[in-house]
Structures are given as C-alpha cells and as structure tokens.
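These notes concern the structure reproduced below.
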Amino acid sequence: MREVRAKKFLGQHFLTDENIAKTIVDSLEIRSNVLEIGAGMGVLTKYLIPTTSNFKIVEIDSESVEYLHANFPQLKGKIIEGDFLKTSLTKIFNNEHFALIGNFPYNISNLILFKVFENKNLIDQVVGMFQKEVADRVVAKSGSKTYGILSVLLSAFYDMEYLITVPNTVFNPMPKVQSAVIRLKRNNVKDLGVKEEDFVRVVKTAFNQRRKMLRQSLKPLQMNLDNIDEKFKTLRPEQLSKDDFILLTQQIYN
C-alpha cells in the first residue's frame with residue numbers, strides 16, 4: 001500500500017496502533033448511519049467497513065481520498081471530499097440520525113465539537129480521539145479547572161465518558177502531546193426550559209471572564225442581574241453545574 005504523506009498543516013496525526021484502532025471502533029455502539037471524519041489511511045476505516053451499514057467518510061485531504069479509493073474499493077460513492085466544518089450534515093444521511101467517529105485533527109477539534117452541539121438532534125453518538133487536554137476539558141465536571149464552555153453545553157444534551165489515554169508514540173508523525181478517546185451519547189433532553197440561544201449566551205459570557213465572579217463576568221449581557229440568586233453572584237463560572245446555568249438563564253431572561 002502506498003504511504004500517504006501526513007500533512008502537518010491539517011493537524012492530522014495518523015494512528016499506527018491496530019489494537020487502539022480496534023478499541024475505538026468497538027467503543028461505537030451505533031452500527032448504522034456512521035460518519036467517519038478524517039479517515040487518513042484507513043486505520044479505523046478497515047474495521048468500520050465490515051461492521052457498519054450505511055457508512056460514509058468526510059475527508060479533506062485529496063491524497064488520503066486517493067489512497068482510500070485505491071485500497072478500499074468498497075468505499076466507492078461513500079467518500080465526501082471536503083471540509084467537515086463546511087459540510088451540511090442533514091444531507092449526508094437524508095436527515096436521518098447518525099453516529100460520528102474519527103481520529104479528529106487537533107487544530108479543529110473544538111470546532112468539530114461545537115458543530116456536534118449545533119447538530120445534536122441528528123448526532124446520537126460520538127466516539128473520537130482528541131488531544132488529551134481537549135478530552136479532559138470536554139468531560140470535566142463543575143469545580144474543575146478544566147471545566148468550561150464545551151463541558152457545560154455538551155453535558156446538557158450528552159452523557160460523556162473518558163475511555164482511554166493514548167500515548168504519542170503510536171502516531172505518525174508523533175505529536176508532542178498525549179491523546180485520549182471519549183464517547184458522547186445523546187441523552188433524552190429535548191428542551192432545556194429556556195431558549196437555547198440564551199443558555200449558550202450566558203455560558204459563553206460567564207466563561208469569557210472565568211476568573212471573575214458572575215456579578216462581574218455577566219455584565220456584558222447588559223441585562224438586569226437583580227433577579228439572580230445572591231449565591232450565584234459571588235461564584236465563578238466553573239463552580240456552576242449545567243443545571244445551575246439553566247436556572248441562572250431562567251432568572252436572567254425571565
């Protein structure tokens with residue numbers, strides 16, 4: 001098989017450990033309507049093809065697309081060459097629910113997760129390899145220094161699990177950081193009881209000045225903060241749970 005040159009500007013590091021690849025694929029509980037991001041040389045793909053139905057790939061690197069077509073003829077008509085962040089997810093599976101999997105490029109991993117949040121009513125499960133720092137931040141609980149915007153937003157609609165830590169020695173080229181695999185499973189929440197855009201605005205505004213107490217960090221909202229509980233005013237955003245943020249949003253916009 002012809003080796004594909006790894007392009008650093010894409011932020012892509014190719015996994016070379018077969019056991020870890022199998023573990024990632026085995027962690028995906030949904031086996032129909034599966035979308036892989038950044039298949040590269042197919043280290044996950046070769047295990048996904050025989051175990052999933054209606055499997056598709058989004059791959060931005062033309063060399064990787066060429067390699068996949070040459071070595072996996074089963075993928076004919078299944079590869080979307082382009083940028084996942086610019087891809088309409090409603091069209092890929094005709095507006096049906098699907099699962100997402102991949103060794104996600106480090107440089108756009110946060111943006112991928114924000115797109116998951118935006119498409120939460122389509123994406124039922126995510127199994128992904130991330131930079132460990134990002135993975136820790138996503139699954140963090142309130143009170144943690146790594147707890148942040150993505151922790152709150154995603155936890156409102158997904159149950160999240162940290163699965164395994166992956167050393168940097170199993171990638172080509174070898175990154176300077178460790179990686180981790182996490183899984184997001186869509187919960188049953190359909191409505192937060194507040195407008196979603198208000199909830200997102202409150203969370204983002206609070207964490208934009210995360211070292212300040214909420215009575216200061218929420219001032220950019222330009223809303224009357226007299227209605228919020230006194231206990232919230234002297235807390236910092238990392239001290240609030242997802243449910244606290246929902247309550248805080250209700251109080252601000254009521």
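Chain lettering (A, B, ...) mirrors the order of the structure tokens, residue numbering begins at 1 for each chain separately, and ligand numbering begins at 1 in order of display.
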
Wanna dump the region 203-254 of chain A-region 147-153 of chain A contacts at 8 Å for me, each residue with its shortest atom pair and the distance in Å to one decimal, counting only C-alpha atoms, ordered by chain and number, as JSON lines?
```
{"residue": "A:Val203", "atom": "CA", "partner": "A:Ile149", "partner_atom": "CA", "distance": 6.3}
{"residue": "A:Lys204", "atom": "CA", "partner": "A:Ile149", "partner_atom": "CA", "distance": 6.1}
{"residue": "A:Phe207", "atom": "CA", "partner": "A:Ile149", "partner_atom": "CA", "distance": 6.6}
{"residue": "A:Glu238", "atom": "CA", "partner": "A:Tyr147", "partner_atom": "CA", "distance": 5.9}
{"residue": "A:Ser241", "atom": "CA", "partner": "A:Val152", "partner_atom": "CA", "distance": 7.4}
{"residue": "A:Lys242", "atom": "CA", "partner": "A:Val152", "partner_atom": "CA", "distance": 5.4}
```

Worksheet item: Among region 29-151 of chain A, which residues carry a DSSP assignment of alpha helix (DSSP H), reported as an MDAnalysis selection string?
Response: chainID A and resid 45:48 62:71 89:92 109:118 132:139 149:151

Fill in: Distance query region 187-202 of chain A at most 8 Å, only C-alpha atoms, self and fewer than 5 positions along chain excluded, as an MDAnalysis selection string
chainID A and resid 153 156:159 218 221 245:246 249:250 253

Discussion item. Let's see if you can do this: from backbone DSSP, list all strand (DSSP E) residues in region 10-225 of chain A, as JSON, numbers by chain.
Written reply: {"A": [14, 15, 32, 33, 34, 35, 36, 37, 53, 54, 55, 56, 57, 58, 59, 79, 80, 81, 98, 99, 100, 101, 102, 103, 123, 124, 125, 126, 127, 128, 129, 130, 131, 158, 159, 160, 161, 162, 163, 164, 165, 166, 171, 172, 179, 180, 181, 182, 183, 184, 185, 186]}

Discussion item. Quick one: residues within 10 Å of region 14-18 of chain A, only C-alpha atoms, excluding same-chain residues fewer than 4 positions away - as JSON, numbers by chain?
Written reply: {"A": [4, 5, 6, 7, 22, 23, 24, 38, 39, 40, 41, 42, 43, 44, 47, 103, 104, 105, 129, 166, 168, 169, 170, 171, 172, 173, 174, 175]}
